[in-house]
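Asks: Starting off with a structure, shown below.
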Amino acid sequence: MSTVIKVEDLGKLYRLGKVGTGTISHDLNSWWARVRGKEDPTLKLGSSNDRTKKADSQYVWALKNINFEVSQGDVLGIIGKNGAGKSTLLKILSRTTSPTTGSFKAKGRIASLLEVGTGFHPELSGRENIFLNGAILGMTKSEIRSKFDEIVAFSGVERYIDTPVKRYSSGMYVRLAFAVAAHLEPEILIVDEVLAVGDAEFQEKCLGKMKDVSGQGRTVLFVSHNMPAVKSLCKTGLYLKFGEVLHQGPIENVLTEYLAENRTVAETGEIPDDFHRSAGTGEALFTKVYATSISNQKVKDLAFGEKFRIHTEIELHKDFIDATLCLTIVSSTGDPVMFIRDSLFGIQNSRKFDKGTVSIEIDMNVKLMPGNYSITAGFIQTKTGFAIDWVENVYSFRVVRIGYMGGDDYPYYTVHGYTEPESNWKYKQLNS
Amino acid sequence: MDSEEKWDLVVKPQVSVFDLNLKEVWRYRDLLILFVKRDIVAVYKQTILGPIWFVLQPLLQTIVFNFVFSSSFSRSINGCPYFLFTFCGIACWNYFAECLTNTSNTFIANSSIFGKVYFPRLISPLAIVTSSVIKFLIQFVFFIVMLIYFIVIGRVGMEISWSVFLVPLLVILMAMLGLSIGITISSLTTKYRDLRFLIAFGVQLFMFVSPVLRPVTPEAVNAKKHFIEMLNPMASILEAFKFIFLGNGTGTLSWPWLLYSTGFAFLTFFLAVIIFNKVEKSFMDTV
């Protein structure tokens, strides 16, 4: 396979703070250095991009020393937490901004999909916008014309094709926009989380389309927080952290690394204050989530088949009459394996939670297959489903292959499935 | 071995200032046409009069200026109806001013598109200039109709000669000047926006020092003033335009000054494209 993208020593420096009268002296300084052919003094100042630390410099490297290659037909998933530099990398690769250091080289036409419906004009009809948007994305008029019917059919908005798009529902708007993007035929496609839009059926359609694209020998670069989507689409992965490449290789390895790296919470299960909460109002906060053996022994490794207990502690800042705790156990590749909630309380009758700290212990009687797992916990409003607090992959644990007999004798693990439930087997000899 | 590989695209932090990539601009010509179409069509959507507004606007301006200035200037234009004289000046000036003001906003107005998709950024200002030329042509046709009317009723003599072939050149020069100044301002305002406050009234002030509503001070009357006024690159263009259609006395056709304006236009255009090209690479970080 030939290399179609080669990134060498790529770096991007940003200045923090606002632009004003004070910044012009810095500009003049670095300009003067460049005029004399010396190294730009501001480049030396940049610190690495760790948001949690207070900046010791006005400049920050959003990306630093990025090196990788992508070969033809590869689907590369770029993962990392918010602020890891994923979007900056995509911006450079899609040429909306230029790197501060290093270079990248590419073969073939690059089209980027950092957003759907870029350049849609609200006053123009769907038909006119298909042409306009297609051209912005780099298609020629004749290319668009030859695919026009296909695009309209894919979007499913035939009836409204001559209506201004400002009259469209937001769903129709997105469908039309994605339809145009999906019919691009570049050699290299760069996609940023556009799949987060639209209904489930449409998302399926989009994922299918992306699979088609990669199946045709095109190269795709995909950035997403949706780990199952990354896992099912991508062949290789690139894990960014604080603007640097932490891990790259086959997608399974990278995902495992990513989830292991992001378990973050210490053995005690105490959640630090700066833990990234995916959603919530802040009215209640998880303070602890961890798992122990049934005898309350804190263990990171659970024996296969052993019952275990999940402990949670929630700090409530007010009374809740309509709330529920739910947990998801997530596999090392990011797939949700099982969902746990208090079955005594449903939508009709909820438990009342009083202000203060509450501890909830859940005894689990499930045989998880040997492998790595993590817990995602949510405290939600029962009726609406809105999250009051939501912590993802907050605690990770391992199920080890210690079998019933106490030895390392259980031969199966997560490739065979995630659980081994109780089952009844009946054998009958039908003939002999 | 690496250097032997053929790459279609190489992106580096520093590129040569002369790397203008005009081939790419040409590849995106379809986009240019669609942008022009968008600008023209979207403007008069949901209006009753539609494209008539393109003519109505300068017409109303002419009527007002006519009311204010006709008594002071109409004697100095050799009997030509001041109404026609002003309309001619305003149509030309509006074209130049529109090229300038609309392109001066290129980076800021398009930052939402530019931040998401790459295409040669020069397409946007070029589209503005092209759609403005279409508006100008509509006004120009209207001007010719009025001119014919005035010729028929005998207020204006038939003065049109071979020099009418200069008109396309004059239009191109006005576009180049407007575009050059506009995109230079847009390049300079991505980071520090101070210059933006100058444009709106700057263009207005510039109109009053240009021979739009009046002819240039004749050389015989005040040679020094004539020279200073002609240093304005728009002066000889406007003068020539009026000379071609309205005849001697309303304007002058001065070859040396036209040559000066042409040189000025090409030089600023060249510089502006270089500045623009340099800024477009990373303006997204500062806009």
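Here's how to read the names in the structure tokens: chain A, B, ... by the order shown, residue numbers from 1 in each chain, ligand numbers from 1 in the order shown.
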Please find the residues of chain B near chain A - the criterion being any atom within 10 Å, counting only C-alpha atoms - and write them as JSON, numbers by chain.
Replies: {"B": [5, 6, 7, 8, 9, 10, 11, 12, 13, 14, 27, 28, 29, 30, 31, 32, 33, 34, 35, 37, 38, 39, 41, 42, 43, 44, 45, 46, 110, 112, 113, 114, 115, 116, 117, 118, 119, 191, 192, 193, 280, 281, 282, 283, 284, 285, 286, 287]}
Asks: Among segment 124-184 of chain B, which ones does DSSP place in alpha helix (DSSP H), written as an NGL selection string?
Replies: :B and (124-152 or 167-184)
Asks: Taking only C-alpha atoms into account, which of A:Leu16, A:Ala62, A:Ile271, A:Met369 comes nearest Asn82 of chain A?
Replies: A:Ala62
Asks: For a test of reading the model, state the distance in Å between atom CA of Gly249 of chain A and atom CA of Lys235 of chain A, rounded to one decimal.
Replies: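 Separation of atom CA of Gly249 of chain A and atom CA of Lys235 of chain A: 8.7 Å.
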Asks: List the spatial neighbours of segment 200-202 of chain B as a PyMOL selection string - criterion: any atom at most 12 Å away, only C-alpha atoms, same-chain residues fewer than 2 positions off excluded.
Replies: chain B and resi 97-98+100-102+104-105+181-182+195-198+204-209
Asks: Restrict the selected residues to C-alpha atoms and save them as a short mmCIF file (atom, residue, chain, number, x, y, z; two decimals), in the first residue's frame.
Replies:
```cif
data_model
loop_
_atom_site.label_atom_id
_atom_site.label_comp_id
_atom_site.auth_asym_id
_atom_site.auth_seq_id
_atom_site.Cartn_x
_atom_site.Cartn_y
_atom_site.Cartn_z
CA ALA B 97 -17.03 51.41 -3.99
CA GLU B 98 -18.94 48.14 -3.90
CA LEU B 100 -13.89 47.91 -2.28
CA THR B 101 -16.26 47.72 0.67
CA ASN B 102 -17.56 44.23 0.00
CA SER B 104 -12.74 44.50 2.48
CA ASN B 105 -14.87 42.20 4.60
CA ILE B 181 -7.73 48.10 -1.82
CA GLY B 182 -10.54 45.90 -0.51
CA LEU B 195 -9.00 49.85 9.83
CA ARG B 196 -12.59 48.74 9.44
CA PHE B 197 -13.83 51.92 11.07
CA LEU B 198 -12.22 53.90 8.32
CA GLN B 204 -17.63 58.48 1.04
CA LEU B 205 -14.92 61.09 1.56
CA PHE B 206 -12.98 59.61 -1.33
CA MET B 207 -16.02 60.13 -3.55
CA PHE B 208 -16.04 63.86 -2.92
CA VAL B 209 -12.39 64.28 -3.87
#
```
Asks: Quick one, how far is atom CA of Ser278 of chain A from atom CA of Val391 of chain A?
Replies: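 Atom-to-atom, atom CA of Ser278 of chain A and atom CA of Val391 of chain A are spaced 6.0 Å apart.
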